[in-house]
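Trainee: Sharing a structure below in structure tokens format, with a few things to ask.
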Amino acid sequence: MTGLLVLLRHGQSTWNELNLFTGWHDVALTAKGEHEATQAGRTLKQAGITFDLVFTSLLTRAIETNRLALAALGQSQIEVRQNWLLNERHYGALQGLDKKATTEKYGEEQTNLWRRSYDIAPPPVEMTSPEHPRNDSRYQHIASSDLPSTECLKDVVARVVPFFNAQVLPELTANKNVLITAHGNSLRALIMHLEKMSPEQIAEFNIPTGVPRKYRFSAEMTIATVEYLGDPIEIAKATQAVADQSKRVSRK
């Protein structure tokens, strides 16, 4: 027997709503994001799923999503392990910029390369910038050389997959149900690994906010089933909304 794995992208954040590149910048959930997080917990409860262990990133939007989902699930006291290796991709000098305005300035092709290519990172942020994690007290225990000034998805894979193999996989093989509450790109990196997607396939893969993705594994830890939990129509709408972010017109 192996445990279940559920991946949950955080609910809508304030910078998601404003259509800004967020990355490691720490922002709160919107009211909609809080609702999505609570609904995720209700969906898991309706599915009869409970967890033995939970992992999150160090970013508030994931931590708060996790808290609200577990409260709705009735598992607020479960062990939660936080780790920076599950943080969102660092968007370098793009952090804080409007996605639509960036597209207008640099062109759709270049912006999409920064957003979706596997191995092309945005321009790095300056080491002295408040957007560089070396200037955030939460990361003071980490060697500066390990902290990114920018990342492509390949870089995120390089930190997320070893973390999964070392910290999560042993729990699953011990028949424990595990929830990972994280971010669009850290989860895309893990999904690429789990589902053996190519760089071309993962470039077209979008993860909706606040929708649990459930995995069942064989005894050999190959995927037996994978599915989103919830209303298929609403999931499709939420997924398309993520795909349309770079094309969205900024509010006046």
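By convention in this document, the chains of the structure tokens carry letters A, B, ... by their order, each chain's residues are numbered from 1, and ligands are numbered from 1 in the order they are shown.
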Using only C-alpha atoms, which residues sit within 7 Å of segment 44-59 of chain A once same-chain residues fewer than 4 positions away are excluded, as a list in words?
Mentor: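 Here the answer would be Asp26, Ala40, Ile63, Leu73, Ile78, Glu79, Val80, Arg81, Gln82, Asn83, Trp84, Leu85, Leu86, Asn87, Lys176, Asn177, Val178, Leu179, Ile180, Thr181 and Ala182 of chain A.
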Trainee: Taking 4 positions as the minimum chain separation for residues in the same chain, which residues sit within 10 Å of segment 233-246 of chain A when counting only C-alpha atoms? Answer as a ChimeraX atom specification.
Mentor: /A:16-17,19-21,98-104,108,111-112,115,184,204-211,228-229
Trainee: Record the distance separating atom CA of Thr60 of chain A and atom CA of Gln75 of chain A, expressed in Å with one decimal.
Mentor: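 Calculated distance between atom CA of Thr60 of chain A and atom CA of Gln75 of chain A is 19.1 Å.
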Trainee: Excluding Thr225 of chain A and its own-chain neighbours fewer than 4 positions away, which residues fall within 12 Å of it when counting only C-alpha atoms? Please give them as a PyMOL selection string.
Mentor: chain A and resi 4-6+194-195+213-218+221
Trainee: Next, write the just-selected residues to a file, as a tab-separated table (two decimals), in the first residue's frame, keeping N, CA, C and O atoms as the atom set.
Mentor:
chain	number	residue	atom	x	y	z
A	4	LEU	N	-1.88	8.40	-0.47
A	4	LEU	CA	-2.35	9.35	-1.47
A	4	LEU	C	-1.49	10.62	-1.43
A	4	LEU	O	-1.01	11.02	-0.37
A	5	LEU	N	-1.34	11.24	-2.57
A	5	LEU	CA	-0.71	12.55	-2.66
A	5	LEU	C	-1.71	13.52	-3.24
A	5	LEU	O	-2.33	13.24	-4.28
A	6	VAL	N	-1.88	14.66	-2.60
A	6	VAL	CA	-2.73	15.73	-3.12
A	6	VAL	C	-1.89	17.00	-3.23
A	6	VAL	O	-1.20	17.39	-2.28
A	194	LEU	N	6.50	13.86	-11.85
A	194	LEU	CA	5.61	12.74	-11.56
A	194	LEU	C	4.97	12.15	-12.81
A	194	LEU	O	4.86	10.92	-12.95
A	195	GLU	N	4.56	13.03	-13.72
A	195	GLU	CA	3.81	12.58	-14.90
A	195	GLU	C	4.69	12.46	-16.14
A	195	GLU	O	4.19	12.23	-17.23
A	213	ARG	N	-5.45	18.33	-6.61
A	213	ARG	CA	-5.10	17.35	-7.65
A	213	ARG	C	-4.61	16.09	-6.93
A	213	ARG	O	-3.58	16.12	-6.23
A	214	LYS	N	-5.35	15.01	-7.10
A	214	LYS	CA	-5.12	13.79	-6.32
A	214	LYS	C	-4.40	12.73	-7.14
A	214	LYS	O	-4.76	12.46	-8.29
A	215	TYR	N	-3.39	12.10	-6.51
A	215	TYR	CA	-2.64	11.01	-7.12
A	215	TYR	C	-2.78	9.74	-6.29
A	215	TYR	O	-2.63	9.78	-5.07
A	216	ARG	N	-3.03	8.65	-6.98
A	216	ARG	CA	-2.90	7.31	-6.40
A	216	ARG	C	-1.74	6.62	-7.09
A	216	ARG	O	-1.56	6.76	-8.31
A	217	PHE	N	-0.95	5.87	-6.32
A	217	PHE	CA	0.23	5.23	-6.86
A	217	PHE	C	0.13	3.71	-6.75
A	217	PHE	O	-0.55	3.18	-5.87
A	218	SER	N	0.85	3.04	-7.64
A	218	SER	CA	1.01	1.59	-7.53
A	218	SER	C	2.05	1.29	-6.45
A	218	SER	O	2.71	2.20	-5.93
A	221	MET	N	5.27	2.82	-7.06
A	221	MET	CA	5.22	4.28	-7.08
A	221	MET	C	5.11	4.86	-8.49
A	221	MET	O	5.60	5.95	-8.76
Trainee: What is the distance, in Å and to one decimal place, between atom CA of Lys196 of chain A and atom CA of Trp114 of chain A?
Mentor: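 Interatomic distance here is 22.2 Å.
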Trainee: Looking at only C-alpha atoms, which of A:Arg42, A:His193, A:Arg61, A:His10 is the one that sits closest to Ala28 of chain A?
Mentor: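 Ranked by minimum distance to Ala28 of chain A, first place goes to A:Arg61.
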Trainee: For a test of reading the model, state the distance in Å between atom CA of Thr222 of chain A and atom CA of Asn66 of chain A, rounded to one decimal.
Mentor: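 That distance, rounded to one decimal, is 26.3 Å.
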